[in-house]
$ cat upload_2.pdb   # PDB, C-alpha atoms
ATOM      1  CA  MET Q   1    -135.391 -94.540 -81.123  1.00  0.00           C
ATOM      2  CA  TYR Q   2    -138.229 -93.824 -78.718  1.00  0.00           C
ATOM      3  CA  GLU Q   3    -140.444 -91.537 -80.809  1.00  0.00           C
ATOM      4  CA  PRO Q   4    -139.940 -91.482 -84.597  1.00  0.00           C
ATOM      5  CA  ARG Q   5    -142.571 -88.809 -85.269  1.00  0.00           C
ATOM      6  CA  LEU Q   6    -140.371 -85.738 -85.588  1.00  0.00           C
ATOM      7  CA  ARG Q   7    -140.497 -83.085 -88.300  1.00  0.00           C
ATOM      8  CA  TYR Q   8    -139.306 -85.792 -90.690  1.00  0.00           C
ATOM      9  CA  PRO Q   9    -140.237 -89.299 -89.483  1.00  0.00           C
ATOM     10  CA  LEU Q  10    -137.223 -91.334 -88.437  1.00  0.00           C
ATOM     11  CA  PRO Q  11    -136.777 -94.348 -90.755  1.00  0.00           C
ATOM     12  CA  ARG Q  12    -136.991 -97.732 -89.050  1.00  0.00           C
ATOM     13  CA  ASP Q  13    -133.691 -98.784 -90.589  1.00  0.00           C
ATOM     14  CA  LEU Q  14    -131.776 -95.724 -89.365  1.00  0.00           C
ATOM     15  CA  PRO Q  15    -130.204 -97.547 -86.359  1.00  0.00           C
ATOM     16  CA  ARG Q  16    -128.925-100.272 -88.681  1.00  0.00           C
ATOM     17  CA  LYS Q  17    -127.331 -97.716 -91.040  1.00  0.00           C
ATOM     18  CA  VAL Q  18    -125.357 -95.905 -88.363  1.00  0.00           C
ATOM     19  CA  ALA Q  19    -124.610 -98.715 -85.873  1.00  0.00           C
ATOM     20  CA  GLY Q  20    -120.883 -99.286 -85.340  1.00  0.00           C
ATOM     21  CA  GLN Q  21    -119.801 -96.153 -87.190  1.00  0.00           C
ATOM     22  CA  ARG Q  22    -117.394 -93.659 -85.647  1.00  0.00           C
ATOM     23  CA  ILE Q  23    -118.145 -89.943 -85.547  1.00  0.00           C
ATOM     24  CA  VAL Q  24    -115.108 -88.630 -87.402  1.00  0.00           C
ATOM     25  CA  ARG Q  25    -116.003 -84.945 -87.652  1.00  0.00           C
ATOM     26  CA  VAL Q  26    -118.526 -82.436 -86.337  1.00  0.00           C
ATOM     27  CA  GLY Q  27    -119.611 -79.363 -88.255  1.00  0.00           C
ATOM     28  CA  ARG Q  28    -122.456 -76.933 -88.735  1.00  0.00           C
ATOM     29  CA  ARG Q  29    -124.379 -75.520 -91.671  1.00  0.00           C
ATOM     30  CA  ALA Q  30    -126.963 -72.856 -90.836  1.00  0.00           C
ATOM     31  CA  LYS Q  31    -128.942 -74.371 -87.945  1.00  0.00           C
ATOM     32  CA  TYR Q  32    -128.005 -77.962 -88.752  1.00  0.00           C
ATOM     33  CA  LEU Q  33    -125.452 -79.829 -86.652  1.00  0.00           C
ATOM     34  CA  LEU Q  34    -123.509 -82.155 -88.954  1.00  0.00           C
ATOM     35  CA  LEU Q  35    -122.186 -85.385 -87.470  1.00  0.00           C
ATOM     36  CA  GLY Q  36    -119.838 -86.859 -90.027  1.00  0.00           C
ATOM     37  CA  LEU Q  37    -119.647 -90.655 -89.872  1.00  0.00           C
ATOM     38  CA  GLU Q  38    -117.238 -93.058 -91.523  1.00  0.00           C
ATOM     39  CA  SER Q  39    -119.922 -93.488 -94.156  1.00  0.00           C
ATOM     40  CA  GLY Q  40    -122.433 -90.671 -94.516  1.00  0.00           C
ATOM     41  CA  THR Q  41    -123.567 -87.786 -92.309  1.00  0.00           C
ATOM     42  CA  LEU Q  42    -126.278 -87.195 -89.735  1.00  0.00           C
ATOM     43  CA  LEU Q  43    -128.035 -83.825 -90.089  1.00  0.00           C
ATOM     44  CA  LEU Q  44    -129.499 -82.825 -86.739  1.00  0.00           C
ATOM     45  CA  HIS Q  45    -131.799 -79.817 -86.239  1.00  0.00           C
ATOM     46  CA  LEU Q  46    -132.942 -78.754 -82.759  1.00  0.00           C
ATOM     47  CA  GLY Q  47    -136.140 -77.131 -84.022  1.00  0.00           C
ATOM     48  CA  MET Q  48    -137.750 -74.535 -81.763  1.00  0.00           C
ATOM     49  CA  SER Q  49    -137.650 -76.375 -78.459  1.00  0.00           C
ATOM     50  CA  GLY Q  50    -135.144 -79.198 -78.847  1.00  0.00           C
ATOM     51  CA  ASN Q  51    -132.011 -79.828 -76.825  1.00  0.00           C
ATOM     52  CA  LEU Q  52    -129.180 -82.317 -76.961  1.00  0.00           C
ATOM     53  CA  ARG Q  53    -127.771 -83.744 -73.734  1.00  0.00           C
ATOM     54  CA  VAL Q  54    -124.792 -85.952 -72.994  1.00  0.00           C
ATOM     55  CA  VAL Q  55    -125.911 -88.558 -70.449  1.00  0.00           C
ATOM     56  CA  PRO Q  56    -124.914 -92.051 -69.296  1.00  0.00           C
ATOM     57  CA  ALA Q  57    -126.656 -94.405 -71.704  1.00  0.00           C
ATOM     58  CA  ALA Q  58    -128.569 -96.058 -68.837  1.00  0.00           C
ATOM     59  CA  THR Q  59    -130.054 -92.741 -67.646  1.00  0.00           C
ATOM     60  CA  PRO Q  60    -133.853 -93.091 -67.331  1.00  0.00           C
ATOM     61  CA  ARG Q  61    -135.819 -91.264 -69.979  1.00  0.00           C
ATOM     62  CA  VAL Q  62    -137.818 -88.140 -69.235  1.00  0.00           C
ATOM     63  CA  PRO Q  63    -140.850 -86.860 -71.171  1.00  0.00           C
ATOM     64  CA  HIS Q  64    -140.123 -85.824 -74.749  1.00  0.00           C
ATOM     65  CA  ASP Q  65    -136.884 -87.811 -75.089  1.00  0.00           C
ATOM     66  CA  HIS Q  66    -137.017 -89.077 -78.691  1.00  0.00           C
ATOM     67  CA  PHE Q  67    -133.745 -90.817 -79.536  1.00  0.00           C
ATOM     68  CA  ASP Q  68    -130.262 -91.651 -78.274  1.00  0.00           C
ATOM     69  CA  LEU Q  69    -127.025 -91.748 -80.206  1.00  0.00           C
ATOM     70  CA  VAL Q  70    -125.218 -94.283 -78.016  1.00  0.00           C
ATOM     71  CA  LEU Q  71    -121.429 -93.956 -77.958  1.00  0.00           C
ATOM     72  CA  ASP Q  72    -118.860 -96.655 -77.186  1.00  0.00           C
ATOM     73  CA  SER Q  73    -117.851 -94.651 -74.089  1.00  0.00           C
ATOM     74  CA  GLY Q  74    -121.092 -95.703 -72.423  1.00  0.00           C
ATOM     75  CA  ARG Q  75    -122.595 -92.252 -72.844  1.00  0.00           C
ATOM     76  CA  ALA Q  76    -125.332 -91.142 -75.211  1.00  0.00           C
ATOM     77  CA  LEU Q  77    -126.310 -87.994 -77.060  1.00  0.00           C
ATOM     78  CA  ARG Q  78    -129.990 -87.775 -76.073  1.00  0.00           C
ATOM     79  CA  PHE Q  79    -132.391 -85.605 -78.039  1.00  0.00           C
ATOM     80  CA  ASN Q  80    -135.364 -84.052 -76.247  1.00  0.00           C
ATOM     81  CA  ASP Q  81    -137.952 -81.911 -78.028  1.00  0.00           C
ATOM     82  CA  PRO Q  82    -141.403 -81.124 -76.584  1.00  0.00           C
ATOM     83  CA  ARG Q  83    -142.743 -79.723 -79.862  1.00  0.00           C
ATOM     84  CA  ARG Q  84    -141.128 -82.330 -82.127  1.00  0.00           C
ATOM     85  CA  PHE Q  85    -140.098 -79.709 -84.690  1.00  0.00           C
ATOM     86  CA  GLY Q  86    -136.536 -81.010 -84.586  1.00  0.00           C
ATOM     87  CA  SER Q  87    -135.202 -83.595 -86.982  1.00  0.00           C
ATOM     88  CA  LEU Q  88    -132.514 -86.202 -87.579  1.00  0.00           C
ATOM     89  CA  VAL Q  89    -131.750 -87.093 -91.185  1.00  0.00           C
ATOM     90  CA  TYR Q  90    -129.088 -89.482 -92.500  1.00  0.00           C
ATOM     91  CA  THR Q  91    -127.483 -89.024 -95.887  1.00  0.00           C
ATOM     92  CA  SER Q  92    -124.951 -91.354 -97.460  1.00  0.00           C
ATOM     93  CA  GLY Q  93    -123.832 -88.713 -99.969  1.00  0.00           C
ATOM     94  CA  GLU Q  94    -122.174 -85.332 -99.670  1.00  0.00           C
ATOM     95  CA  ALA Q  95    -123.901 -83.408 -96.872  1.00  0.00           C
ATOM     96  CA  GLY Q  96    -123.821 -80.107 -98.742  1.00  0.00           C
ATOM     97  CA  ALA Q  97    -125.679 -81.680-101.652  1.00  0.00           C
ATOM     98  CA  HIS Q  98    -128.602 -82.834 -99.486  1.00  0.00           C
ATOM     99  CA  PRO Q  99    -131.910 -81.088-100.370  1.00  0.00           C
ATOM    100  CA  LEU Q 100    -132.057 -79.558 -96.877  1.00  0.00           C
ATOM    101  CA  LEU Q 101    -128.699 -77.832 -97.387  1.00  0.00           C
ATOM    102  CA  GLU Q 102    -127.971 -77.440-101.078  1.00  0.00           C
ATOM    103  CA  ARG Q 103    -129.954 -74.228-101.596  1.00  0.00           C
ATOM    104  CA  LEU Q 104    -128.809 -72.418 -98.454  1.00  0.00           C
ATOM    105  CA  GLY Q 105    -127.090 -69.066 -98.789  1.00  0.00           C
ATOM    106  CA  PRO Q 106    -123.699 -68.136 -97.329  1.00  0.00           C
ATOM    107  CA  GLU Q 107    -122.979 -67.806 -93.619  1.00  0.00           C
ATOM    108  CA  PRO Q 108    -122.895 -64.214 -92.270  1.00  0.00           C
ATOM    109  CA  PHE Q 109    -119.240 -64.577 -91.215  1.00  0.00           C
ATOM    110  CA  SER Q 110    -118.051 -66.258 -94.398  1.00  0.00           C
ATOM    111  CA  LYS Q 111    -116.000 -64.489 -97.071  1.00  0.00           C
ATOM    112  CA  ALA Q 112    -118.831 -65.120 -99.529  1.00  0.00           C
ATOM    113  CA  PHE Q 113    -121.110 -62.753 -97.607  1.00  0.00           C
ATOM    114  CA  ASP Q 114    -119.595 -59.386 -98.394  1.00  0.00           C
ATOM    115  CA  ALA Q 115    -120.760 -56.002 -99.679  1.00  0.00           C
ATOM    116  CA  ASP Q 116    -120.432 -57.022-103.327  1.00  0.00           C
ATOM    117  CA  TYR Q 117    -122.560 -60.127-102.763  1.00  0.00           C
ATOM    118  CA  LEU Q 118    -125.262 -58.271-100.842  1.00  0.00           C
ATOM    119  CA  TYR Q 119    -125.381 -55.463-103.416  1.00  0.00           C
ATOM    120  CA  ARG Q 120    -125.633 -57.986-106.263  1.00  0.00           C
ATOM    121  CA  ILE Q 121    -128.501 -60.012-104.786  1.00  0.00           C
ATOM    122  CA  THR Q 122    -130.535 -56.895-103.991  1.00  0.00           C
ATOM    123  CA  ARG Q 123    -130.678 -55.735-107.606  1.00  0.00           C
ATOM    124  CA  ARG Q 124    -134.181 -55.934-109.103  1.00  0.00           C
ATOM    125  CA  ARG Q 125    -135.636 -57.191-105.815  1.00  0.00           C
ATOM    126  CA  ARG Q 126    -138.634 -55.199-104.639  1.00  0.00           C
ATOM    127  CA  VAL Q 127    -138.937 -57.150-101.393  1.00  0.00           C
ATOM    128  CA  ALA Q 128    -138.234 -55.287 -98.148  1.00  0.00           C
ATOM    129  CA  ILE Q 129    -134.596 -55.501 -97.116  1.00  0.00           C
ATOM    130  CA  LYS Q 130    -135.546 -57.124 -93.804  1.00  0.00           C
ATOM    131  CA  GLN Q 131    -137.360 -59.934 -95.619  1.00  0.00           C
ATOM    132  CA  LEU Q 132    -134.369 -60.418 -97.879  1.00  0.00           C
ATOM    133  CA  LEU Q 133    -132.039 -60.778 -94.900  1.00  0.00           C
ATOM    134  CA  MET Q 134    -134.329 -63.442 -93.438  1.00  0.00           C
ATOM    135  CA  ASN Q 135    -134.341 -65.496 -96.660  1.00  0.00           C
ATOM    136  CA  SER Q 136    -132.104 -68.483 -95.898  1.00  0.00           C
ATOM    137  CA  GLN Q 137    -131.514 -69.069 -99.607  1.00  0.00           C
ATOM    138  CA  LEU Q 138    -129.678 -65.731 -99.698  1.00  0.00           C
ATOM    139  CA  VAL Q 139    -128.024 -65.666 -96.266  1.00  0.00           C
ATOM    140  CA  VAL Q 140    -128.468 -68.111 -93.394  1.00  0.00           C
ATOM    141  CA  GLY Q 141    -128.939 -67.554 -89.684  1.00  0.00           C
ATOM    142  CA  VAL Q 142    -130.495 -64.077 -89.720  1.00  0.00           C
ATOM    143  CA  GLY Q 143    -133.802 -64.255 -87.863  1.00  0.00           C
ATOM    144  CA  ASN Q 144    -136.371 -61.604 -87.026  1.00  0.00           C
ATOM    145  CA  ILE Q 145    -134.701 -59.964 -84.011  1.00  0.00           C
ATOM    146  CA  TYR Q 146    -131.224 -60.323 -85.521  1.00  0.00           C
ATOM    147  CA  ALA Q 147    -132.339 -58.641 -88.781  1.00  0.00           C
ATOM    148  CA  SER Q 148    -134.055 -55.779 -86.932  1.00  0.00           C
ATOM    149  CA  GLU Q 149    -130.976 -55.093 -84.816  1.00  0.00           C
ATOM    150  CA  ALA Q 150    -128.635 -55.170 -87.830  1.00  0.00           C
ATOM    151  CA  LEU Q 151    -130.837 -52.793 -89.821  1.00  0.00           C
ATOM    152  CA  PHE Q 152    -131.056 -50.400 -86.883  1.00  0.00           C
ATOM    153  CA  ARG Q 153    -127.274 -50.375 -86.567  1.00  0.00           C
ATOM    154  CA  ALA Q 154    -126.951 -49.795 -90.320  1.00  0.00           C
ATOM    155  CA  ARG Q 155    -129.558 -46.969 -90.136  1.00  0.00           C
ATOM    156  CA  LEU Q 156    -131.789 -48.594 -92.739  1.00  0.00           C
ATOM    157  CA  ARG Q 157    -135.572 -48.868 -92.579  1.00  0.00           C
ATOM    158  CA  PRO Q 158    -136.688 -52.532 -92.464  1.00  0.00           C
ATOM    159  CA  GLY Q 159    -139.382 -51.889 -95.075  1.00  0.00           C
ATOM    160  CA  ARG Q 160    -137.073 -50.232 -97.579  1.00  0.00           C
ATOM    161  CA  ALA Q 161    -136.992 -51.922-100.986  1.00  0.00           C
ATOM    162  CA  ALA Q 162    -133.879 -54.072-101.275  1.00  0.00           C
ATOM    163  CA  ARG Q 163    -133.144 -52.845-104.793  1.00  0.00           C
ATOM    164  CA  SER Q 164    -132.812 -49.250-103.531  1.00  0.00           C
ATOM    165  CA  LEU Q 165    -129.684 -50.004-101.489  1.00  0.00           C
ATOM    166  CA  THR Q 166    -126.483 -48.378-102.646  1.00  0.00           C
ATOM    167  CA  ARG Q 167    -123.092 -50.056-102.463  1.00  0.00           C
ATOM    168  CA  ALA Q 168    -122.343 -47.975 -99.375  1.00  0.00           C
ATOM    169  CA  ASP Q 169    -125.600 -49.165 -97.787  1.00  0.00           C
ATOM    170  CA  ALA Q 170    -124.679 -52.774 -98.559  1.00  0.00           C
ATOM    171  CA  ALA Q 171    -121.219 -52.420 -97.021  1.00  0.00           C
ATOM    172  CA  ARG Q 172    -122.662 -50.800 -93.900  1.00  0.00           C
ATOM    173  CA  LEU Q 173    -125.304 -53.513 -93.562  1.00  0.00           C
ATOM    174  CA  VAL Q 174    -122.784 -56.346 -93.875  1.00  0.00           C
ATOM    175  CA  ARG Q 175    -120.762 -54.803 -91.049  1.00  0.00           C
ATOM    176  CA  ALA Q 176    -123.924 -54.384 -88.968  1.00  0.00           C
ATOM    177  CA  VAL Q 177    -124.998 -57.993 -89.520  1.00  0.00           C
ATOM    178  CA  ARG Q 178    -121.650 -59.171 -88.183  1.00  0.00           C
ATOM    179  CA  ARG Q 179    -121.744 -56.844 -85.167  1.00  0.00           C
ATOM    180  CA  ALA Q 180    -125.380 -57.234 -84.118  1.00  0.00           C
ATOM    181  CA  PRO Q 181    -126.097 -59.147 -80.874  1.00  0.00           C
ATOM    182  CA  GLY Q 182    -127.460 -62.113 -82.843  1.00  0.00           C
ATOM    183  CA  ALA Q 183    -124.080 -62.434 -84.512  1.00  0.00           C
ATOM    184  CA  ARG Q 184    -122.662 -63.663 -81.205  1.00  0.00           C
ATOM    185  CA  CYS Q 185    -124.940 -66.698 -81.431  1.00  0.00           C
ATOM    186  CA  CYS Q 186    -123.624 -67.396 -84.945  1.00  0.00           C
ATOM    187  CA  ALA Q 187    -120.066 -66.996 -83.717  1.00  0.00           C
ATOM    188  CA  ARG Q 188    -120.754 -69.427 -80.873  1.00  0.00           C
ATOM    189  CA  ARG Q 189    -122.231 -71.928 -83.339  1.00  0.00           C
ATOM    190  CA  SER Q 190    -119.083 -71.561 -85.441  1.00  0.00           C
ATOM    191  CA  ALA Q 191    -117.012 -72.271 -82.334  1.00  0.00           C
ATOM    192  CA  LEU Q 192    -119.115 -75.392 -81.795  1.00  0.00           C
ATOM    193  CA  ALA Q 193    -117.968 -76.701 -85.162  1.00  0.00           C
ATOM    194  CA  ALA Q 194    -114.336 -75.880 -84.382  1.00  0.00           C
ATOM    195  CA  ARG Q 195    -114.299 -77.314 -80.840  1.00  0.00           C
ATOM    196  CA  PRO Q 196    -117.026 -79.991 -80.756  1.00  0.00           C
ATOM    197  CA  CYS Q 197    -115.730 -82.026 -77.822  1.00  0.00           C
ATOM    198  CA  ALA Q 198    -115.262 -79.033 -75.544  1.00  0.00           C
ATOM    199  CA  THR Q 199    -118.641 -77.550 -76.407  1.00  0.00           C
ATOM    200  CA  ILE Q 200    -120.987 -80.517 -76.560  1.00  0.00           C
ATOM    201  CA  SER Q 201    -119.764 -82.040 -73.321  1.00  0.00           C
ATOM    202  CA  GLY Q 202    -121.871 -79.601 -71.270  1.00  0.00           C
ATOM    203  CA  PRO Q 203    -125.222 -80.747 -69.892  1.00  0.00           C
ATOM    204  CA  THR Q 204    -127.341 -79.230 -72.658  1.00  0.00           C
ATOM    205  CA  VAL Q 205    -126.974 -77.730 -76.134  1.00  0.00           C
ATOM    206  CA  ARG Q 206    -130.031 -75.714 -77.168  1.00  0.00           C
ATOM    207  CA  PRO Q 207    -130.940 -72.672 -79.298  1.00  0.00           C
ATOM    208  CA  ALA Q 208    -130.107 -69.450 -77.498  1.00  0.00           C
ATOM    209  CA  ILE Q 209    -130.471 -65.694 -77.768  1.00  0.00           C
ATOM    210  CA  SER Q 210    -127.542 -63.550 -76.751  1.00  0.00           C
ATOM    211  CA  ALA Q 211    -127.630 -61.755 -73.424  1.00  0.00           C
ATOM    212  CA  SER Q 212    -127.056 -58.411 -75.124  1.00  0.00           C
ATOM    213  CA  ALA Q 213    -130.019 -58.973 -77.424  1.00  0.00           C
ATOM    214  CA  SER Q 214    -132.194 -59.727 -74.410  1.00  0.00           C
ATOM    215  CA  THR Q 215    -130.912 -56.575 -72.737  1.00  0.00           C
ATOM    216  CA  SER Q 216    -131.751 -54.520 -75.819  1.00  0.00           C
ATOM    217  CA  MET Q 217    -135.329 -55.771 -75.794  1.00  0.00           C
ATOM    218  CA  SER Q 218    -135.826 -55.422 -72.051  1.00  0.00           C
ATOM    219  CA  GLY Q 219    -134.335 -51.944 -72.160  1.00  0.00           C
ATOM    220  CA  ALA Q 220    -137.286 -50.675 -74.190  1.00  0.00           C
ATOM    221  CA  ALA Q 221    -139.248 -50.023 -70.989  1.00  0.00           C
ATOM    222  CA  SER Q 222    -136.628 -47.549 -69.765  1.00  0.00           C
ATOM    223  CA  ARG Q 223    -137.206 -45.426 -72.889  1.00  0.00           C
ATOM    224  CA  ALA Q 224    -140.936 -45.063 -72.273  1.00  0.00           C
ATOM    225  CA  GLY Q 225    -142.139 -41.600 -73.299  1.00  0.00           C
ATOM    226  CA  ALA Q 226    -138.987 -40.776 -75.225  1.00  0.00           C
ATOM    227  CA  ALA Q 227    -139.015 -39.873 -78.909  1.00  0.00           C
ATOM    228  CA  ALA Q 228    -138.514 -42.815 -81.243  1.00  0.00           C
ATOM    229  CA  ALA Q 229    -135.079 -42.973 -82.861  1.00  0.00           C
ATOM    230  CA  ARG Q 230    -135.022 -42.720 -86.631  1.00  0.00           C
ATOM    231  CA  CYS Q 231    -133.324 -45.648 -88.314  1.00  0.00           C
ATOM    232  CA  GLY Q 232    -132.327 -43.820 -91.473  1.00  0.00           C
ATOM    233  CA  PRO Q 233    -133.354 -43.496 -95.106  1.00  0.00           C
TER     234      PRO Q 233
END

$ encode --input "upload_2.pdb" --output "structure tokens"
Amino acid sequence: MYEPRLRYPLPRDLPRKVAGQRIVRVGRRAKYLLLGLESGTLLLHLGMSGNLRVVPAATPRVPHDHFDLVLDSGRALRFNDPRRFGSLVYTSGEAGAHPLLERLGPEPFSKAFDADYLYRITRRRRVAIKQLLMNSQLVVGVGNIYASEALFRARLRPGRAARSLTRADAARLVRAVRRAPGARCCARRSALAARPCATISGPTVRPAISASASTSMSGAASRAGAAAARCGP
């Protein structure tokens, strides 16, 4: 550890707890990378500006390098985060039961997130449907741009009361959430869990926005002067 002052301070005894343990599985839950050890799990969050690099363990540090996970191959997973909003938390129990994860909603691509689920959780909720989509206790991984794009595709106004959605609206919105440009980032994160060695071995793993989402935003200038499209009811 080089700098323990992250979002959650790194405990001094963390190196002792994980030293000598093999990484036996790699997974993901929401924006947390889960490194399953022989005993316990490391929950790693990149924050807003963090990145994870695979480097030779002897590689000189650069500014904002905060910790290394040194592997027996002689390489290290090195975490760099200028803003220090990232975190590394160790739990000896079931990862899903950790306070950071236990109250999270379903993943957008999971079977649990379907039209029936979305319709059920919108009942009696006066909050705007966009705010509901961004509530990680109801569904994870849907940020501001992602939610806006999904609602546009579903032809639903972002400020519409969630409880006013019909079952048909809910079904259309679920499909839109899975097809929106931001969904490609979620799909790539799911692929990371399925193929950890092939994915992490690149020079850097960091939060990303899909190219198509960037194109959608940059394309706004080409519509200057045109009438605004109506999202729907």

$ resolve_selection --input "upload_2.pdb" --expression "the PyMOL selection byres ((chain Q and resi 81) around 7)" --output "ChimeraX atom specification"
/Q:49-51,64-65,79-80,82-84,86

$ closest_residue --input "upload_2.pdb" --among "Q:Ala150, Q:Ala30, Q:Leu133, Q:Ala162" --to "Q:Leu104" --atoms "all atoms listed in the file"
Q:Ala30

$ resolve_selection --input "upload_2.pdb" --expression "the PyMOL selection byres ((chain Q and resi 147) around 12)" --output "PyMOL selection string"
chain Q and resi 108+128-135+139-146+148-154+156-159+173-174+176-183+213

$ residues_around --input "upload_2.pdb" --residues "Q:Ser39" --least-positions-apart "4" --cutoff "9 Å" --atoms "all atoms listed in the file" --output "JSON, numbers by chain"
{"Q": [18, 21, 22, 91, 92, 93]}

$ resolve_selection --input "upload_2.pdb" --expression "the PyMOL selection byres ((chain Q and resi 118) around 9)" --output "ChimeraX atom specification"
/Q:113-117,119-122,138,167,170-171,173-174

$ write_last_selection --input "upload_2.pdb" --atoms "C-alpha atoms" --output "compact mmCIF listing (two decimals), in the frame of the given file"
# COMPACT_ATOMS: atom_id res chain seq x y z
CA PHE Q 113 -121.11 -62.75 -97.61
CA ASP Q 114 -119.60 -59.39 -98.39
CA ALA Q 115 -120.76 -56.00 -99.68
CA ASP Q 116 -120.43 -57.02 -103.33
CA TYR Q 117 -122.56 -60.13 -102.76
CA TYR Q 119 -125.38 -55.46 -103.42
CA ARG Q 120 -125.63 -57.99 -106.26
CA ILE Q 121 -128.50 -60.01 -104.79
CA THR Q 122 -130.54 -56.90 -103.99
CA LEU Q 138 -129.68 -65.73 -99.70
CA ARG Q 167 -123.09 -50.06 -102.46
CA ALA Q 170 -124.68 -52.77 -98.56
CA ALA Q 171 -121.22 -52.42 -97.02
CA LEU Q 173 -125.30 -53.51 -93.56
CA VAL Q 174 -122.78 -56.35 -93.88

$ residues_around --input "upload_2.pdb" --residues "Q:Leu43" --least-positions-apart "2" --cutoff "9 Å" --atoms "all atoms listed in the file" --output "MDAnalysis selection string"
chainID Q and resid 28 32:36 41 45 87:91 95 100
